[in-house]
>>> print(open('model.cif').read())   # mmCIF, C-alpha atoms; chains and numbers go by the auth columns
data_protein
#
loop_
_atom_site.group_PDB
_atom_site.id
_atom_site.type_symbol
_atom_site.label_atom_id
_atom_site.label_comp_id
_atom_site.label_asym_id
_atom_site.label_seq_id
_atom_site.Cartn_x
_atom_site.Cartn_y
_atom_site.Cartn_z
_atom_site.B_iso_or_equiv
_atom_site.auth_seq_id
_atom_site.auth_asym_id
ATOM 1 C CA ALA A 1 -12.607 11.891 6.738 0.00 1 A
ATOM 2 C CA GLN A 2 -9.090 10.555 6.992 0.00 2 A
ATOM 3 C CA SER A 3 -6.852 11.561 4.112 0.00 3 A
ATOM 4 C CA VAL A 4 -3.256 11.788 2.964 0.00 4 A
ATOM 5 C CA ALA A 5 -1.923 14.352 0.519 0.00 5 A
ATOM 6 C CA GLN A 6 1.182 14.219 -1.602 0.00 6 A
ATOM 7 C CA PRO A 7 1.195 17.634 -3.239 0.00 7 A
ATOM 8 C CA GLU A 8 3.800 16.873 -5.891 0.00 8 A
ATOM 9 C CA ASP A 9 3.072 14.434 -8.693 0.00 9 A
ATOM 10 C CA GLN A 10 6.745 14.402 -9.626 0.00 10 A
ATOM 11 C CA VAL A 11 10.004 15.437 -8.019 0.00 11 A
ATOM 12 C CA ASN A 12 13.144 15.858 -10.099 0.00 12 A
ATOM 13 C CA VAL A 13 16.565 15.869 -8.495 0.00 13 A
ATOM 14 C CA ALA A 14 20.142 15.458 -9.671 0.00 14 A
ATOM 15 C CA GLU A 15 22.150 12.501 -8.468 0.00 15 A
ATOM 16 C CA GLY A 16 24.084 13.360 -5.333 0.00 16 A
ATOM 17 C CA ASN A 17 21.699 16.125 -4.296 0.00 17 A
ATOM 18 C CA PRO A 18 19.374 15.838 -1.300 0.00 18 A
ATOM 19 C CA LEU A 19 15.791 14.894 -1.978 0.00 19 A
ATOM 20 C CA THR A 20 12.495 15.543 -0.223 0.00 20 A
ATOM 21 C CA VAL A 21 9.131 13.982 -1.004 0.00 21 A
ATOM 22 C CA LYS A 22 6.307 15.722 0.812 0.00 22 A
ATOM 23 C CA CYS A 23 3.368 14.216 2.662 0.00 23 A
ATOM 24 C CA THR A 24 0.681 15.750 4.824 0.00 24 A
ATOM 25 C CA TYR A 25 -2.178 14.000 6.530 0.00 25 A
ATOM 26 C CA SER A 26 -5.567 14.780 7.972 0.00 26 A
ATOM 27 C CA VAL A 27 -6.811 12.338 10.576 0.00 27 A
ATOM 28 C CA SER A 28 -8.557 12.360 13.907 0.00 28 A
ATOM 29 C CA GLY A 29 -6.451 10.781 16.585 0.00 29 A
ATOM 30 C CA ASN A 30 -2.813 9.808 16.612 0.00 30 A
ATOM 31 C CA PRO A 31 -1.738 8.339 13.298 0.00 31 A
ATOM 32 C CA TYR A 32 0.721 5.668 12.378 0.00 32 A
ATOM 33 C CA LEU A 33 2.573 6.847 9.253 0.00 33 A
ATOM 34 C CA PHE A 34 4.332 4.821 6.588 0.00 34 A
ATOM 35 C CA TRP A 35 6.350 5.299 3.412 0.00 35 A
ATOM 36 C CA TYR A 36 6.381 2.733 0.631 0.00 36 A
ATOM 37 C CA VAL A 37 8.188 2.646 -2.704 0.00 37 A
ATOM 38 C CA GLN A 38 6.997 0.994 -5.895 0.00 38 A
ATOM 39 C CA TYR A 39 9.203 0.074 -8.827 0.00 39 A
ATOM 40 C CA PRO A 40 7.637 -0.568 -12.260 0.00 40 A
ATOM 41 C CA ASN A 41 5.452 -3.668 -12.394 0.00 41 A
ATOM 42 C CA ARG A 42 6.184 -4.465 -8.774 0.00 42 A
ATOM 43 C CA GLY A 43 4.324 -4.398 -5.493 0.00 43 A
ATOM 44 C CA LEU A 44 4.961 -1.894 -2.739 0.00 44 A
ATOM 45 C CA GLN A 45 8.108 -2.107 -0.689 0.00 45 A
ATOM 46 C CA PHE A 46 8.186 -0.811 2.891 0.00 46 A
ATOM 47 C CA LEU A 47 10.692 1.984 3.613 0.00 47 A
ATOM 48 C CA LEU A 48 9.969 3.263 7.108 0.00 48 A
ATOM 49 C CA LYS A 49 7.300 4.052 9.669 0.00 49 A
ATOM 50 C CA TYR A 50 6.488 6.396 12.497 0.00 50 A
ATOM 51 C CA ILE A 51 4.551 4.979 15.408 0.00 51 A
ATOM 52 C CA THR A 52 5.659 6.981 18.417 0.00 52 A
ATOM 53 C CA GLY A 53 8.827 8.400 19.937 0.00 53 A
ATOM 54 C CA ASP A 54 11.530 10.280 18.051 0.00 54 A
ATOM 55 C CA ASN A 55 10.173 12.471 15.307 0.00 55 A
ATOM 56 C CA LEU A 56 13.023 11.539 12.969 0.00 56 A
ATOM 57 C CA VAL A 57 12.822 7.959 11.806 0.00 57 A
ATOM 58 C CA LYS A 58 15.384 6.157 9.705 0.00 58 A
ATOM 59 C CA GLY A 59 14.556 3.478 7.210 0.00 59 A
ATOM 60 C CA SER A 60 15.876 1.392 4.378 0.00 60 A
ATOM 61 C CA TYR A 61 18.339 2.500 1.691 0.00 61 A
ATOM 62 C CA GLY A 62 19.383 5.670 3.523 0.00 62 A
ATOM 63 C CA PHE A 63 15.900 7.187 3.641 0.00 63 A
ATOM 64 C CA GLU A 64 14.564 9.032 6.651 0.00 64 A
ATOM 65 C CA ALA A 65 11.399 10.925 7.478 0.00 65 A
ATOM 66 C CA GLU A 66 10.457 13.590 9.939 0.00 66 A
ATOM 67 C CA PHE A 67 7.141 13.547 11.747 0.00 67 A
ATOM 68 C CA ASN A 68 5.808 17.030 12.476 0.00 68 A
ATOM 69 C CA LYS A 69 2.625 16.928 14.499 0.00 69 A
ATOM 70 C CA SER A 70 1.913 20.665 14.396 0.00 70 A
ATOM 71 C CA GLN A 71 2.195 20.739 10.607 0.00 71 A
ATOM 72 C CA THR A 72 0.645 17.265 10.220 0.00 72 A
ATOM 73 C CA SER A 73 3.455 16.325 7.900 0.00 73 A
ATOM 74 C CA PHE A 74 5.691 13.321 7.353 0.00 74 A
ATOM 75 C CA HIS A 75 8.181 14.252 4.641 0.00 75 A
ATOM 76 C CA LEU A 76 10.549 11.665 3.214 0.00 76 A
ATOM 77 C CA LYS A 77 14.179 12.685 2.833 0.00 77 A
ATOM 78 C CA LYS A 78 17.526 11.389 1.692 0.00 78 A
ATOM 79 C CA PRO A 79 20.825 13.299 1.929 0.00 79 A
ATOM 80 C CA SER A 80 22.212 12.127 -1.419 0.00 80 A
ATOM 81 C CA ALA A 81 19.989 10.791 -4.206 0.00 81 A
ATOM 82 C CA LEU A 82 20.902 7.851 -6.421 0.00 82 A
ATOM 83 C CA VAL A 83 19.644 7.147 -9.924 0.00 83 A
ATOM 84 C CA SER A 84 18.374 3.830 -8.556 0.00 84 A
ATOM 85 C CA ASP A 85 16.062 5.756 -6.181 0.00 85 A
ATOM 86 C CA SER A 86 13.910 6.677 -9.175 0.00 86 A
ATOM 87 C CA ALA A 87 10.509 5.153 -8.453 0.00 87 A
ATOM 88 C CA LEU A 88 6.982 5.916 -7.260 0.00 88 A
ATOM 89 C CA TYR A 89 6.715 6.797 -3.567 0.00 89 A
ATOM 90 C CA PHE A 90 3.597 6.477 -1.460 0.00 90 A
ATOM 91 C CA CYS A 91 2.818 7.929 1.928 0.00 91 A
ATOM 92 C CA ALA A 92 0.191 6.079 3.972 0.00 92 A
ATOM 93 C CA VAL A 93 -1.588 6.456 7.285 0.00 93 A
ATOM 94 C CA ARG A 94 -3.292 4.092 9.668 0.00 94 A
ATOM 95 C CA VAL A 95 -5.488 5.331 12.455 0.00 95 A
ATOM 96 C CA PRO A 96 -5.507 2.779 15.254 0.00 96 A
ATOM 97 C CA SER A 97 -8.189 4.584 17.208 0.00 97 A
ATOM 98 C CA VAL A 98 -10.828 3.601 14.687 0.00 98 A
ATOM 99 C CA GLY A 99 -10.558 -0.008 15.673 0.00 99 A
ATOM 100 C CA ALA A 100 -8.609 -3.161 15.158 0.00 100 A
ATOM 101 C CA THR A 101 -7.652 -2.798 11.545 0.00 101 A
ATOM 102 C CA ASN A 102 -4.605 -2.711 9.346 0.00 102 A
ATOM 103 C CA LYS A 103 -6.337 -0.555 6.750 0.00 103 A
ATOM 104 C CA LEU A 104 -3.960 1.902 5.128 0.00 104 A
ATOM 105 C CA ILE A 105 -5.030 5.153 3.511 0.00 105 A
ATOM 106 C CA PHE A 106 -2.610 6.086 0.760 0.00 106 A
ATOM 107 C CA GLY A 107 -1.602 9.331 -0.830 0.00 107 A
ATOM 108 C CA THR A 108 -1.706 9.636 -4.607 0.00 108 A
ATOM 109 C CA GLY A 109 1.986 8.931 -4.988 0.00 109 A
ATOM 110 C CA THR A 110 4.978 10.996 -6.057 0.00 110 A
ATOM 111 C CA LEU A 111 7.192 9.977 -8.944 0.00 111 A
ATOM 112 C CA LEU A 112 10.822 10.594 -8.065 0.00 112 A
ATOM 113 C CA ALA A 113 13.144 11.049 -11.035 0.00 113 A
ATOM 114 C CA VAL A 114 16.852 11.222 -10.299 0.00 114 A
ATOM 115 C CA GLN A 115 18.959 12.462 -13.184 0.00 115 A
ATOM 116 C CA PRO A 116 22.561 11.259 -13.566 0.00 116 A
ATOM 117 C CA LYS B 1 11.004 -16.241 4.926 0.00 1 B
ATOM 118 C CA ALA B 2 9.273 -16.330 1.598 0.00 2 B
ATOM 119 C CA GLY B 3 7.430 -13.158 0.697 0.00 3 B
ATOM 120 C CA VAL B 4 3.788 -12.633 -0.153 0.00 4 B
ATOM 121 C CA THR B 5 2.847 -14.510 -3.279 0.00 5 B
ATOM 122 C CA GLN B 6 -0.041 -13.768 -5.587 0.00 6 B
ATOM 123 C CA THR B 7 -1.438 -15.844 -8.384 0.00 7 B
ATOM 124 C CA PRO B 8 -1.935 -15.422 -11.205 0.00 8 B
ATOM 125 C CA ARG B 9 0.320 -12.489 -12.048 0.00 9 B
ATOM 126 C CA TYR B 10 -1.652 -11.541 -15.136 0.00 10 B
ATOM 127 C CA LEU B 11 -5.245 -12.110 -16.170 0.00 11 B
ATOM 128 C CA ILE B 12 -7.304 -11.110 -19.162 0.00 12 B
ATOM 129 C CA LYS B 13 -11.063 -11.405 -18.901 0.00 13 B
ATOM 130 C CA THR B 14 -14.072 -10.085 -20.744 0.00 14 B
ATOM 131 C CA ARG B 15 -16.935 -8.034 -19.372 0.00 15 B
ATOM 132 C CA GLY B 16 -19.485 -10.047 -17.463 0.00 16 B
ATOM 133 C CA GLN B 17 -17.088 -12.811 -16.449 0.00 17 B
ATOM 134 C CA GLN B 18 -15.928 -13.436 -12.920 0.00 18 B
ATOM 135 C CA VAL B 19 -12.417 -13.821 -11.582 0.00 19 B
ATOM 136 C CA THR B 20 -10.726 -15.223 -8.495 0.00 20 B
ATOM 137 C CA LEU B 21 -7.353 -13.983 -7.301 0.00 21 B
ATOM 138 C CA SER B 22 -5.230 -15.761 -4.733 0.00 22 B
ATOM 139 C CA CYS B 23 -2.819 -14.535 -2.086 0.00 23 B
ATOM 140 C CA SER B 24 -0.492 -16.496 0.164 0.00 24 B
ATOM 141 C CA PRO B 25 0.784 -14.394 3.066 0.00 25 B
ATOM 142 C CA ILE B 26 4.130 -14.593 4.770 0.00 26 B
ATOM 143 C CA SER B 27 4.246 -17.545 7.135 0.00 27 B
ATOM 144 C CA GLY B 28 2.866 -16.564 10.532 0.00 28 B
ATOM 145 C CA HIS B 29 1.002 -13.512 9.298 0.00 29 B
ATOM 146 C CA ARG B 30 -2.676 -13.647 10.125 0.00 30 B
ATOM 147 C CA SER B 31 -3.831 -10.370 8.599 0.00 31 B
ATOM 148 C CA VAL B 32 -4.346 -10.127 4.851 0.00 32 B
ATOM 149 C CA SER B 33 -5.493 -6.962 3.126 0.00 33 B
ATOM 150 C CA TRP B 34 -6.394 -6.314 -0.498 0.00 34 B
ATOM 151 C CA TYR B 35 -5.936 -3.079 -2.424 0.00 35 B
ATOM 152 C CA GLN B 36 -6.870 -1.971 -5.914 0.00 36 B
ATOM 153 C CA GLN B 37 -4.436 0.255 -7.786 0.00 37 B
ATOM 154 C CA THR B 38 -5.522 2.234 -10.840 0.00 38 B
ATOM 155 C CA PRO B 39 -4.018 5.313 -12.524 0.00 39 B
ATOM 156 C CA GLY B 40 -7.156 7.327 -11.861 0.00 40 B
ATOM 157 C CA GLN B 41 -8.058 6.332 -8.303 0.00 41 B
ATOM 158 C CA GLY B 42 -4.659 5.380 -6.953 0.00 42 B
ATOM 159 C CA LEU B 43 -4.440 2.816 -4.179 0.00 43 B
ATOM 160 C CA GLN B 44 -7.764 1.971 -2.605 0.00 44 B
ATOM 161 C CA PHE B 45 -8.469 -0.404 0.244 0.00 45 B
ATOM 162 C CA LEU B 46 -10.778 -3.291 -0.618 0.00 46 B
ATOM 163 C CA PHE B 47 -10.961 -5.399 2.540 0.00 47 B
ATOM 164 C CA GLU B 48 -8.987 -6.980 5.335 0.00 48 B
ATOM 165 C CA TYR B 49 -9.204 -10.448 6.798 0.00 49 B
ATOM 166 C CA PHE B 50 -7.879 -11.595 10.117 0.00 50 B
ATOM 167 C CA SER B 51 -8.227 -15.139 11.386 0.00 51 B
ATOM 168 C CA GLU B 52 -10.778 -15.959 8.670 0.00 52 B
ATOM 169 C CA THR B 53 -12.988 -12.984 9.555 0.00 53 B
ATOM 170 C CA GLN B 54 -13.479 -9.852 7.515 0.00 54 B
ATOM 171 C CA ARG B 55 -12.321 -7.085 9.797 0.00 55 B
ATOM 172 C CA ASN B 56 -12.807 -4.092 7.549 0.00 56 B
ATOM 173 C CA LYS B 57 -14.244 -3.326 4.138 0.00 57 B
ATOM 174 C CA GLY B 58 -13.645 -0.484 1.735 0.00 58 B
ATOM 175 C CA ASN B 59 -16.143 1.353 -0.389 0.00 59 B
ATOM 176 C CA PHE B 60 -16.531 -1.117 -3.235 0.00 60 B
ATOM 177 C CA PRO B 61 -19.683 -2.698 -4.677 0.00 61 B
ATOM 178 C CA GLY B 62 -20.853 -6.101 -3.584 0.00 62 B
ATOM 179 C CA ARG B 63 -19.372 -7.632 -6.740 0.00 63 B
ATOM 180 C CA PHE B 64 -16.085 -7.588 -4.856 0.00 64 B
ATOM 181 C CA SER B 65 -15.813 -10.260 -2.200 0.00 65 B
ATOM 182 C CA GLY B 66 -13.143 -12.173 -0.395 0.00 66 B
ATOM 183 C CA ARG B 67 -12.408 -14.858 2.077 0.00 67 B
ATOM 184 C CA GLN B 68 -9.594 -16.211 4.176 0.00 68 B
ATOM 185 C CA PHE B 69 -8.806 -19.808 4.909 0.00 69 B
ATOM 186 C CA SER B 70 -7.554 -21.396 8.099 0.00 70 B
ATOM 187 C CA ASN B 71 -3.974 -21.324 6.791 0.00 71 B
ATOM 188 C CA SER B 72 -4.336 -17.514 6.293 0.00 72 B
ATOM 189 C CA ARG B 73 -4.331 -17.787 2.518 0.00 73 B
ATOM 190 C CA SER B 74 -6.855 -15.437 0.997 0.00 74 B
ATOM 191 C CA GLU B 75 -8.850 -15.153 -2.179 0.00 75 B
ATOM 192 C CA MET B 76 -10.765 -12.296 -3.650 0.00 76 B
ATOM 193 C CA ASN B 77 -13.499 -12.636 -6.204 0.00 77 B
ATOM 194 C CA VAL B 78 -14.931 -10.132 -8.616 0.00 78 B
ATOM 195 C CA SER B 79 -18.165 -11.071 -10.328 0.00 79 B
ATOM 196 C CA THR B 80 -19.756 -9.538 -13.405 0.00 80 B
ATOM 197 C CA LEU B 81 -16.571 -7.801 -14.450 0.00 81 B
ATOM 198 C CA GLU B 82 -16.688 -4.277 -15.782 0.00 82 B
ATOM 199 C CA LEU B 83 -14.104 -2.427 -17.844 0.00 83 B
ATOM 200 C CA GLY B 84 -13.375 -0.219 -14.850 0.00 84 B
ATOM 201 C CA ASP B 85 -12.239 -3.224 -12.843 0.00 85 B
ATOM 202 C CA SER B 86 -9.034 -3.314 -14.857 0.00 86 B
ATOM 203 C CA ALA B 87 -6.352 -2.686 -12.265 0.00 87 B
ATOM 204 C CA LEU B 88 -3.418 -4.014 -10.330 0.00 88 B
ATOM 205 C CA TYR B 89 -4.727 -5.909 -7.316 0.00 89 B
ATOM 206 C CA LEU B 90 -2.308 -5.974 -4.434 0.00 90 B
ATOM 207 C CA CYS B 91 -2.365 -8.240 -1.444 0.00 91 B
ATOM 208 C CA ALA B 92 -0.571 -7.378 1.778 0.00 92 B
ATOM 209 C CA SER B 93 0.054 -9.378 4.908 0.00 93 B
ATOM 210 C CA SER B 94 1.171 -8.435 8.371 0.00 94 B
ATOM 211 C CA PRO B 95 1.542 -9.944 11.821 0.00 95 B
ATOM 212 C CA ALA B 96 -1.109 -9.243 14.415 0.00 96 B
ATOM 213 C CA GLY B 97 -0.920 -5.714 15.819 0.00 97 B
ATOM 214 C CA SER B 98 -1.574 -2.423 14.062 0.00 98 B
ATOM 215 C CA ARG B 99 1.952 -1.090 14.679 0.00 99 B
ATOM 216 C CA ASN B 100 3.351 -3.510 12.138 0.00 100 B
ATOM 217 C CA GLU B 101 3.994 -2.628 8.550 0.00 101 B
ATOM 218 C CA GLN B 102 2.323 -4.540 5.784 0.00 102 B
ATOM 219 C CA PHE B 103 4.271 -6.603 3.298 0.00 103 B
ATOM 220 C CA PHE B 104 2.972 -6.463 -0.236 0.00 104 B
ATOM 221 C CA GLY B 105 2.930 -9.070 -2.933 0.00 105 B
ATOM 222 C CA PRO B 106 3.805 -8.320 -6.564 0.00 106 B
ATOM 223 C CA GLY B 107 0.152 -7.966 -7.508 0.00 107 B
ATOM 224 C CA THR B 108 -2.180 -9.425 -10.091 0.00 108 B
ATOM 225 C CA ARG B 109 -2.666 -7.339 -13.211 0.00 109 B
ATOM 226 C CA LEU B 110 -6.289 -7.759 -14.315 0.00 110 B
ATOM 227 C CA THR B 111 -7.335 -6.537 -17.735 0.00 111 B
ATOM 228 C CA VAL B 112 -11.030 -6.543 -18.605 0.00 112 B
ATOM 229 C CA LEU B 113 -11.856 -6.355 -22.303 0.00 113 B
#
>>> encode(input="model.cif", output="structure tokens")
Amino acid sequence: AQSVAQPEDQVNVAEGNPLTVKCTYSVSGNPYLFWYVQYPNRGLQFLLKYITGDNLVKGSYGFEAEFNKSQTSFHLKKPSALVSDSALYFCAVRVPSVGATNKLIFGTGTLLAVQP
Amino acid sequence: KAGVTQTPRYLIKTRGQQVTLSCSPISGHRSVSWYQQTPGQGLQFLFEYFSETQRNKGNFPGRFSGRQFSNSRSEMNVSTLELGDSALYLCASSPAGSRNEQFFGPGTRLTVL
């Protein structure tokens, strides 16, 4: 079965420090990988995606993620955290080989708390 | 372009009732997907519609149904509501092609009493 794991329920980081939110996946075939962010009482907002090509992808608001096929990981990173980055982050995967579908499989989410 | 809109934003229903939620995708987007978000189960895929056809369905009971109209607007219906149906229901739209990201609406918060 296809699955996505976010091993940390919460990540705490001080403002100005680098942050990492971890994601690993288990799928058959070549995955498309996505990161979304959710602020309280809001929908999900797209941050970045990996489809093919360079393993390091850059996205919105200074976020980037590194695709590692051998470790089946897609960790989200940012060099310098802001208090405004505090939110719930979701990793998601789509497996195009299973057919024409936009179905996303989400991880359980990681709450990022940035302290001033 | 205007984003994905969902109506209503909040709903309170009682057990046994039915409810219809509406989603208007971004102009030009033909794929609409629905997700249920709960604290216990997280984000779960309900179904996807593309050009008025259901293209994929998640593991939900038959009480959950949906449809898509010719203008790509979509509705989902939940009949015989149960307490466990209380959730945030999110709609997402995307252009054709699985390489594209989905754009999410703000959601409809359904509370079943």
>>> resolve_selection(input="model.cif", expression="the PyMOL selection byres ((chain A and resi 65) around 8)", output="short mmCIF file (atom, residue, chain, number, x, y, z; two decimals) with C-alpha atoms, in the coordinates of the input")
data_model
loop_
_atom_site.label_atom_id
_atom_site.label_comp_id
_atom_site.auth_asym_id
_atom_site.auth_seq_id
_atom_site.Cartn_x
_atom_site.Cartn_y
_atom_site.Cartn_z
CA LEU A 48 9.97 3.26 7.11
CA LEU A 56 13.02 11.54 12.97
CA VAL A 57 12.82 7.96 11.81
CA LYS A 58 15.38 6.16 9.70
CA PHE A 63 15.90 7.19 3.64
CA GLU A 64 14.56 9.03 6.65
CA GLU A 66 10.46 13.59 9.94
CA PHE A 67 7.14 13.55 11.75
CA PHE A 74 5.69 13.32 7.35
CA HIS A 75 8.18 14.25 4.64
CA LEU A 76 10.55 11.66 3.21
CA LYS A 77 14.18 12.68 2.83
#
>>> closest_atom_pairs(input="model.cif", of="chain A", to="chain B", cutoff="9 Å", atoms="all atoms listed in the file", output="tab-separated table")
residue	atom	partner	partner_atom	distance
A:Tyr32	CA	B:Arg99	CA	7.2
A:Phe34	CA	B:Glu101	CA	7.7
A:Asn41	CA	B:Pro106	CA	7.6
A:Arg42	CA	B:Pro106	CA	5.0
A:Gly43	CA	B:Pro106	CA	4.1
A:Leu44	CA	B:Phe104	CA	5.6
A:Gln45	CA	B:Phe104	CA	6.7
A:Phe46	CA	B:Phe103	CA	7.0
A:Leu48	CA	B:Glu101	CA	8.5
A:Lys49	CA	B:Glu101	CA	7.5
A:Ile51	CA	B:Arg99	CA	6.6
A:Arg94	CA	B:Ser98	CA	8.0
A:Val95	CA	B:Ser98	CA	8.8
A:Pro96	CA	B:Ser98	CA	6.6
A:Ala100	CA	B:Ser98	CA	7.2
A:Thr101	CA	B:Arg55	CA	6.6
A:Asn102	CA	B:Ser98	CA	5.6
A:Lys103	CA	B:Phe45	CA	6.8
A:Leu104	CA	B:Phe45	CA	7.0
A:Ile105	CA	B:Phe45	CA	7.3
A:Phe106	CA	B:Leu43	CA	6.2
A:Gly107	CA	B:Leu43	CA	7.9
A:Thr108	CA	B:Gly42	CA	5.7
A:Gly109	CA	B:Gly42	CA	7.8
>>> atom_distance(input="model.cif", atom1="CA of Gln68 (chain B)", atom2="CA of Gln36 (chain B)")
17.7 Å
>>> closest_residue(input="model.cif", among="A:Ser73, A:Asn68, A:Ser86, A:Thr24", to="Val37 (chain A)", atoms="all atoms listed in the file")
A:Ser86
>>> resolve_selection(input="model.cif", expression="the PyMOL selection byres ((chain B and resi 10-25) around 6)", output="number ranges by chain")
B: 4-9, 26, 73-82, 93, 108-113
>>> residues_around(input="model.cif", residues="Lys78 (chain A)", least_positions_apart="2", cutoff="6 Å", atoms="all atoms listed in the file", output="PyMOL selection string")
chain A and resi 18-19+63+80
>>> residues_around(input="model.cif", residues="Gln71 (chain A)", least_positions_apart="6", cutoff="12 Å", atoms="only C-alpha atoms", output="ChimeraX atom specification")
/A:22-26
>>> residues_near_point(input="model.cif", point="(-13.1, 12.4, 4.2)", cutoff="10 Å", atoms="all atoms listed in the file", output="list in words")
Ala1, Gln2, Ser3, Val4, Ser26 and Val27 of chain A
>>> atom_distance(input="model.cif", atom1="CA of Thr53 (chain B)", atom2="CA of Trp35 (chain A)")
27.3 Å
>>> atom_distance(input="model.cif", atom1="CA of Lys69 (chain A)", atom2="CA of Leu82 (chain A)")
29.2 Å
>>> closest_residue(input="model.cif", among="B:Glu52, B:Thr38, B:Asn71, B:Pro61", to="Gly84 (chain B)", atoms="all atoms listed in the file")
B:Thr38
>>> residues_around(input="model.cif", residues="Gly16 (chain A)", least_positions_apart="3", cutoff="9 Å", atoms="all atoms listed in the file", output="list in words")
Val13, Pro79, Ser80, Ala81, Leu82, Val83 and Pro116 of chain A
>>> closest_residue(input="model.cif", among="A:Gln115, A:Asn30, A:Ser70, A:Asn17", to="Ser84 (chain A)", atoms="all atoms listed in the file")
A:Gln115
>>> closest_residue(input="model.cif", among="B:Ala87, B:Ala2, B:Ser51, B:Gln37", to="Ser72 (chain B)", atoms="all atoms listed in the file")
B:Ser51
>>> residues_around(input="model.cif", residues="Gln10 (chain A)", least_positions_apart="5", cutoff="10 Å", atoms="only C-alpha atoms", output="JSON, numbers by chain")
{"A": [21, 88, 89, 109, 110, 111, 112, 113]}
